[in-house]
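See structure below.
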Amino acid sequence: MVKVKVGVLGATGMVGGRFIQFLKGHPWFELQALAASERSTGRTFAETVKWKLEGETFSQVADMEVRPAEPKALGDVDLVFSALPAEVAHKVEEDFARAGFTVFSNASSHRMDPDVPILNPEVNADHAYLVEEQRRRRKWEGAIITNPNCTTAILTLSVKPILDAFGLKRLFLVTMQALSGAGYPGVPSLDIVDNVIPYISREEEKVEKESLKILGSPEKPAEFRISASCNRVPTLDGHLEAVFAETEAEAEPAEVAEVLAKFEGEPQRLGLPTAPKPPIVVRAEMDRPQPRLDRWENRGMSVVVGRVRRDAALGGVKYLVLGHNTVRGAAGCSILNAELLKAKGII
Ligand SMILES: NC(=O)c1ccc[n+]([C@@H]2O[C@H](COP(=O)([O-])OP(=O)(O)OC[C@H]3O[C@@H](n4cnc5c(N)ncnc54)[C@H](OP(=O)(O)O)[C@@H]3O)[C@@H](O)[C@H]2O)c1
């Protein structure tokens, strides 16, 4: 197979680094170009990056020149993965789509546009039809496809099987979110060591709105009510989320655990290269999932659910779900979206 040539925008950041790790040796995609801000352009990746990731190193791109995040500067690539800050992404991603590139974005700027899908591939692969509509409406050959905010990606993967099997009336969520979620250098150490910060700017609104768009249809958001309370905690990677679900039908905790463990989506059915099997790992121990022990399940692409138990106050179930925020919640999800659209012949 001829590989698709890809570029990464925001390559020197936390999510950019995960793209570089996940694209190494990818069977369908060949990383050809890296772009970042003026601070980095014109230098090699090794000269400019402040690499903070464990695991795979960046040796394969060490000598690649970092280019400006402009369509003309990226040269001969077919699609781009974007890990740009939202305030930059809004215009830059549109410039790329207008110039004919398909953009797989991690930024929030376009997620709520009515003709832009927020794809979490096991959850709403059917929303991919919006790509054609977007091209028609905006009269551009490229496209913008977003993946959810990290917390939303992890949450919605665990909620989808419950919504389908039992229905949902209300959902409450309390998060414990890792430091890498704030990018680099992120939260100052004097603010977060020995502490929990009970506020993450715009996070609760994003989780609430995006989840309903993903779990409903682009025209009609899902109808259950959702309330999130988001906290920054001093873990490095892996968002832990406590979920409280009021179901429509009676839901026994053991039944819910079984539905979650058996769940598969289109990426698994199509056998996509980055699809985790299973996408949801259910643990029986009463003290799991834990960020340090569980965030790398299936290369960080699976979410891990535990402590599924009855919620007496709501009449439903409560559980914990953990996911790797820069992998399942960002770069890994974007790459799986690109695989999905390629397998469906949309790109
Ligand atoms: N971290 C997560 O867990 C996570 C999860 C889901 C989604 N996201 C989203 O993903 C995006 C990237 O997040 P991150 O955590 O990787 O942030 P980050 O570590 O701060 O990295 C930002 C990247 O964008 C580049 N950049 C900044 N300003 C630019 C400009 N004006 N033009 C071109 N490039 C520019 C930076 O390049 P320089 O190094 O040259 O400054 C760097 O490569 C954000 O939109 C974020 O909200 C993050």
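Residues are referred to by chain and number: the chain letter is A, B, ... according to the order shown in the structure tokens, the number counts from 1 in that chain, and ligands are numbered separately from 1 in the order shown.
Omitting Val207 in chain A and its sequence neighbours fewer than 4 positions away, and counting only C-alpha atoms, the residues within 8 Å are Asn149, Thr151, Thr152, Glu203, Ser211 and Ala228 of chain A.
For Pro267 in chain A, the non-local neighbours within 10 Å, defined as residues at least 6 positions apart in the same chain or in other chains and counting only C-alpha atoms, are Pro121, Glu122, Val123, Ala125, Pro273, Thr274, Ala275, Pro276, Lys277, Pro279, Leu336, Asn337, Glu339, Leu340 and Ala343 of chain A.
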Export all heavy atoms of the chosen residues as a compact mmCIF listing (two decimals), in the first residue's frame?
# COMPACT_ATOMS: atom_id res chain seq x y z
N PRO A 121 -14.28 7.58 17.46
CA PRO A 121 -14.65 6.61 16.42
C PRO A 121 -15.47 5.38 16.86
O PRO A 121 -16.29 4.91 16.09
CB PRO A 121 -13.31 6.18 15.82
CG PRO A 121 -12.26 6.78 16.66
CD PRO A 121 -12.85 7.86 17.49
N GLU A 122 -15.30 4.90 18.07
CA GLU A 122 -16.13 3.77 18.51
C GLU A 122 -17.55 4.24 18.82
O GLU A 122 -18.48 3.44 18.91
CB GLU A 122 -15.56 3.10 19.77
CG GLU A 122 -14.37 2.22 19.53
CD GLU A 122 -13.06 2.98 19.58
OE1 GLU A 122 -13.11 4.23 19.61
OE2 GLU A 122 -12.00 2.35 19.58
N VAL A 123 -17.71 5.55 19.05
CA VAL A 123 -18.97 6.06 19.58
C VAL A 123 -19.89 6.57 18.47
O VAL A 123 -21.08 6.28 18.45
CB VAL A 123 -18.69 7.19 20.61
CG1 VAL A 123 -19.98 7.79 21.13
CG2 VAL A 123 -17.83 6.66 21.74
N ALA A 125 -19.05 6.93 14.71
CA ALA A 125 -18.46 6.85 13.37
C ALA A 125 -19.46 7.31 12.31
O ALA A 125 -19.07 7.83 11.26
CB ALA A 125 -18.00 5.42 13.09
N PRO A 273 -5.71 -0.21 12.27
CA PRO A 273 -4.42 -0.47 12.91
C PRO A 273 -4.29 0.03 14.35
O PRO A 273 -3.64 -0.61 15.17
CB PRO A 273 -3.40 0.26 12.01
CG PRO A 273 -4.09 0.50 10.71
CD PRO A 273 -5.56 0.48 10.96
N THR A 274 -4.93 1.18 14.67
CA THR A 274 -4.77 1.73 16.02
C THR A 274 -5.96 1.38 16.93
O THR A 274 -6.03 1.84 18.07
CB THR A 274 -4.56 3.28 15.91
OG1 THR A 274 -3.48 3.50 15.00
CG2 THR A 274 -4.21 3.93 17.21
N ALA A 275 -6.89 0.56 16.44
CA ALA A 275 -8.08 0.23 17.24
C ALA A 275 -7.71 -0.66 18.42
O ALA A 275 -7.12 -1.72 18.23
CB ALA A 275 -9.12 -0.47 16.36
N PRO A 276 -8.04 -0.24 19.66
CA PRO A 276 -7.75 -1.10 20.81
C PRO A 276 -8.78 -2.21 20.93
O PRO A 276 -9.95 -2.01 20.62
CB PRO A 276 -7.88 -0.13 21.99
CG PRO A 276 -8.87 0.88 21.53
CD PRO A 276 -8.72 1.02 20.04
N LYS A 277 -8.33 -3.36 21.36
CA LYS A 277 -9.25 -4.48 21.56
C LYS A 277 -9.08 -5.02 22.96
O LYS A 277 -8.02 -5.55 23.26
CB LYS A 277 -8.96 -5.58 20.54
CG LYS A 277 -9.65 -5.36 19.22
CD LYS A 277 -9.69 -6.63 18.43
CE LYS A 277 -10.82 -6.52 17.40
NZ LYS A 277 -11.16 -7.72 16.75
N PRO A 279 -12.02 -1.85 23.44
CA PRO A 279 -11.89 -0.41 23.71
C PRO A 279 -12.16 -0.05 25.18
O PRO A 279 -11.64 0.94 25.67
CB PRO A 279 -12.95 0.22 22.80
CG PRO A 279 -13.89 -0.87 22.45
CD PRO A 279 -13.13 -2.16 22.52
N LEU A 336 -6.87 7.43 14.92
CA LEU A 336 -7.93 6.44 14.68
C LEU A 336 -9.04 7.04 13.80
O LEU A 336 -9.59 6.35 12.92
CB LEU A 336 -8.50 5.97 16.03
CG LEU A 336 -9.37 4.72 16.03
CD1 LEU A 336 -8.70 3.54 15.33
CD2 LEU A 336 -9.75 4.32 17.47
N ASN A 337 -9.32 8.32 13.97
CA ASN A 337 -10.30 8.99 13.09
C ASN A 337 -9.82 8.99 11.65
O ASN A 337 -10.60 8.76 10.72
CB ASN A 337 -10.53 10.44 13.54
CG ASN A 337 -11.51 10.54 14.69
OD1 ASN A 337 -12.35 9.67 14.86
ND2 ASN A 337 -11.41 11.60 15.47
N GLU A 339 -7.74 6.89 10.27
CA GLU A 339 -7.83 5.50 9.77
C GLU A 339 -9.27 5.17 9.37
O GLU A 339 -9.52 4.56 8.34
CB GLU A 339 -7.33 4.52 10.84
CG GLU A 339 -5.85 4.65 11.14
CD GLU A 339 -5.42 3.83 12.36
OE1 GLU A 339 -6.27 3.11 12.95
OE2 GLU A 339 -4.24 3.91 12.74
N LEU A 340 -10.21 5.60 10.22
CA LEU A 340 -11.62 5.32 9.95
C LEU A 340 -12.06 5.95 8.63
O LEU A 340 -12.69 5.30 7.79
CB LEU A 340 -12.47 5.86 11.11
CG LEU A 340 -13.97 5.73 10.95
CD1 LEU A 340 -14.41 4.30 11.23
CD2 LEU A 340 -14.72 6.68 11.89
N ALA A 343 -10.53 4.16 5.72
CA ALA A 343 -11.17 2.86 5.49
C ALA A 343 -12.55 3.03 4.85
O ALA A 343 -13.00 2.18 4.07
CB ALA A 343 -11.27 2.09 6.81
Leaving out range 56-64 of chain A and any residue of its chain fewer than 5 positions from it, which residues lie within 6 Å of it when counting only C-alpha atoms, given as a PDB file with all heavy atoms, in the first residue's frame?
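Done, and the output landed in result08.pdb:
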ATOM      1  N   GLN A  21       5.159   9.835  18.274  1.00  0.00           N
ATOM      2  CA  GLN A  21       5.320   8.463  18.761  1.00  0.00           C
ATOM      3  C   GLN A  21       4.388   7.492  18.025  1.00  0.00           C
ATOM      4  O   GLN A  21       4.788   6.405  17.621  1.00  0.00           O
ATOM      5  CB  GLN A  21       5.013   8.395  20.270  1.00  0.00           C
ATOM      6  CG  GLN A  21       6.054   9.072  21.139  1.00  0.00           C
ATOM      7  CD  GLN A  21       5.751   8.954  22.623  1.00  0.00           C
ATOM      8  OE1 GLN A  21       4.594   9.015  23.048  1.00  0.00           O
ATOM      9  NE2 GLN A  21       6.790   8.808  23.432  1.00  0.00           N
ATOM     10  N   THR A  44      15.979  22.527  13.686  1.00  0.00           N
ATOM     11  CA  THR A  44      15.600  21.111  13.624  1.00  0.00           C
ATOM     12  C   THR A  44      14.724  20.806  14.845  1.00  0.00           C
ATOM     13  O   THR A  44      14.766  21.526  15.857  1.00  0.00           O
ATOM     14  CB  THR A  44      16.827  20.175  13.665  1.00  0.00           C
ATOM     15  OG1 THR A  44      17.453  20.314  14.940  1.00  0.00           O
ATOM     16  CG2 THR A  44      17.797  20.477  12.533  1.00  0.00           C
ATOM     17  N   PHE A  45      13.968  19.704  14.735  1.00  0.00           N
ATOM     18  CA  PHE A  45      13.092  19.307  15.836  1.00  0.00           C
ATOM     19  C   PHE A  45      13.908  19.120  17.123  1.00  0.00           C
ATOM     20  O   PHE A  45      13.528  19.602  18.184  1.00  0.00           O
ATOM     21  CB  PHE A  45      12.357  18.014  15.461  1.00  0.00           C
ATOM     22  CG  PHE A  45      11.306  17.621  16.451  1.00  0.00           C
ATOM     23  CD1 PHE A  45      10.080  18.275  16.467  1.00  0.00           C
ATOM     24  CD2 PHE A  45      11.533  16.613  17.376  1.00  0.00           C
ATOM     25  CE1 PHE A  45       9.095  17.925  17.392  1.00  0.00           C
ATOM     26  CE2 PHE A  45      10.562  16.255  18.302  1.00  0.00           C
ATOM     27  CZ  PHE A  45       9.336  16.911  18.303  1.00  0.00           C
ATOM     28  N   ALA A  46      15.063  18.459  17.016  1.00  0.00           N
ATOM     29  CA  ALA A  46      15.890  18.201  18.207  1.00  0.00           C
ATOM     30  C   ALA A  46      16.365  19.502  18.852  1.00  0.00           C
ATOM     31  O   ALA A  46      16.465  19.597  20.078  1.00  0.00           O
ATOM     32  CB  ALA A  46      17.092  17.331  17.833  1.00  0.00           C
TER      33      ALA A  46
END
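Taking only C-alpha atoms into account, Leu236 in chain A lies nearest to A:Thr326 out of the set A:Ser109, A:Thr326, A:Thr12, A:Ser334.
Remark: for Glu133 in chain A, the closest of the candidate residues A:Val196, A:Arg111, A:Val317, A:Pro218 is A:Pro218 (distances computed over only C-alpha atoms).
Of the listed residues (A:Gly100, A:Pro117, A:Gly345, A:Gly167), A:Gly167 comes nearest to Ala249 in chain A; the distances count only C-alpha atoms.
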Item checked: Nearest to Ser82 in chain A by atom-to-atom distance, counting only C-alpha atoms, from A:Ala99, A:Val303, A:Leu320, A:Val6 -> A:Val6
Notebook entry, point to check: as a PyMOL selection string, which residues of range 84-281 of chain A does DSSP assign to strand (DSSP E)?
Noted result: chain A and resi 102-105+143-146+168-177+225-232+239-247+280-281
List the spatial neighbours of Val233 in chain A as a PDB file with all heavy atoms, in the first residue's frame - criterion: any atom at most 6 Å away, only C-alpha atoms, same-chain residues fewer than 2 positions off excluded.
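Listing of part31.pdb after writing:
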ATOM      1  N   MET A 176     -10.764  14.064  37.845  1.00  0.00           N
ATOM      2  CA  MET A 176      -9.444  14.276  38.446  1.00  0.00           C
ATOM      3  C   MET A 176      -8.473  14.250  37.276  1.00  0.00           C
ATOM      4  O   MET A 176      -8.106  13.183  36.792  1.00  0.00           O
ATOM      5  CB  MET A 176      -9.151  13.154  39.452  1.00  0.00           C
ATOM      6  CG  MET A 176     -10.034  13.235  40.696  1.00  0.00           C
ATOM      7  SD  MET A 176     -10.464  11.622  41.381  1.00  0.00           S
ATOM      8  CE  MET A 176     -12.055  11.306  40.595  1.00  0.00           C
ATOM      9  N   GLN A 177      -8.101  15.425  36.772  1.00  0.00           N
ATOM     10  CA  GLN A 177      -7.415  15.522  35.476  1.00  0.00           C
ATOM     11  C   GLN A 177      -5.920  15.787  35.633  1.00  0.00           C
ATOM     12  O   GLN A 177      -5.498  16.630  36.426  1.00  0.00           O
ATOM     13  CB  GLN A 177      -8.071  16.618  34.630  1.00  0.00           C
ATOM     14  CG  GLN A 177      -9.534  16.303  34.354  1.00  0.00           C
ATOM     15  CD  GLN A 177     -10.213  17.298  33.422  1.00  0.00           C
ATOM     16  OE1 GLN A 177     -11.389  17.597  33.614  1.00  0.00           O
ATOM     17  NE2 GLN A 177      -9.523  17.790  32.414  1.00  0.00           N
ATOM     18  N   ALA A 178      -5.153  15.080  34.802  1.00  0.00           N
ATOM     19  CA  ALA A 178      -3.693  15.105  34.906  1.00  0.00           C
ATOM     20  C   ALA A 178      -3.098  16.416  34.412  1.00  0.00           C
ATOM     21  O   ALA A 178      -3.698  17.154  33.625  1.00  0.00           O
ATOM     22  CB  ALA A 178      -3.121  13.947  34.097  1.00  0.00           C
ATOM     23  N   VAL A 196      -5.022  20.373  44.971  1.00  0.00           N
ATOM     24  CA  VAL A 196      -5.981  20.072  43.898  1.00  0.00           C
ATOM     25  C   VAL A 196      -6.619  21.404  43.524  1.00  0.00           C
ATOM     26  O   VAL A 196      -6.982  22.181  44.414  1.00  0.00           O
ATOM     27  CB  VAL A 196      -7.068  19.086  44.381  1.00  0.00           C
ATOM     28  CG1 VAL A 196      -8.186  18.961  43.356  1.00  0.00           C
ATOM     29  CG2 VAL A 196      -6.472  17.713  44.681  1.00  0.00           C
ATOM     30  N   THR A 235      -1.300  14.412  39.045  1.00  0.00           N
ATOM     31  CA  THR A 235      -0.792  13.233  38.318  1.00  0.00           C
ATOM     32  C   THR A 235      -0.257  13.745  36.973  1.00  0.00           C
ATOM     33  O   THR A 235      -0.649  14.809  36.518  1.00  0.00           O
ATOM     34  CB  THR A 235      -1.914  12.200  38.065  1.00  0.00           C
ATOM     35  OG1 THR A 235      -3.068  12.881  37.555  1.00  0.00           O
ATOM     36  CG2 THR A 235      -2.299  11.477  39.339  1.00  0.00           C
TER      37      THR A 235
END
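Nearest to Arg225 in chain A of all the residues A:His239, A:His324, A:Lys209, A:Lys24 is A:Lys209, counting only C-alpha atoms.
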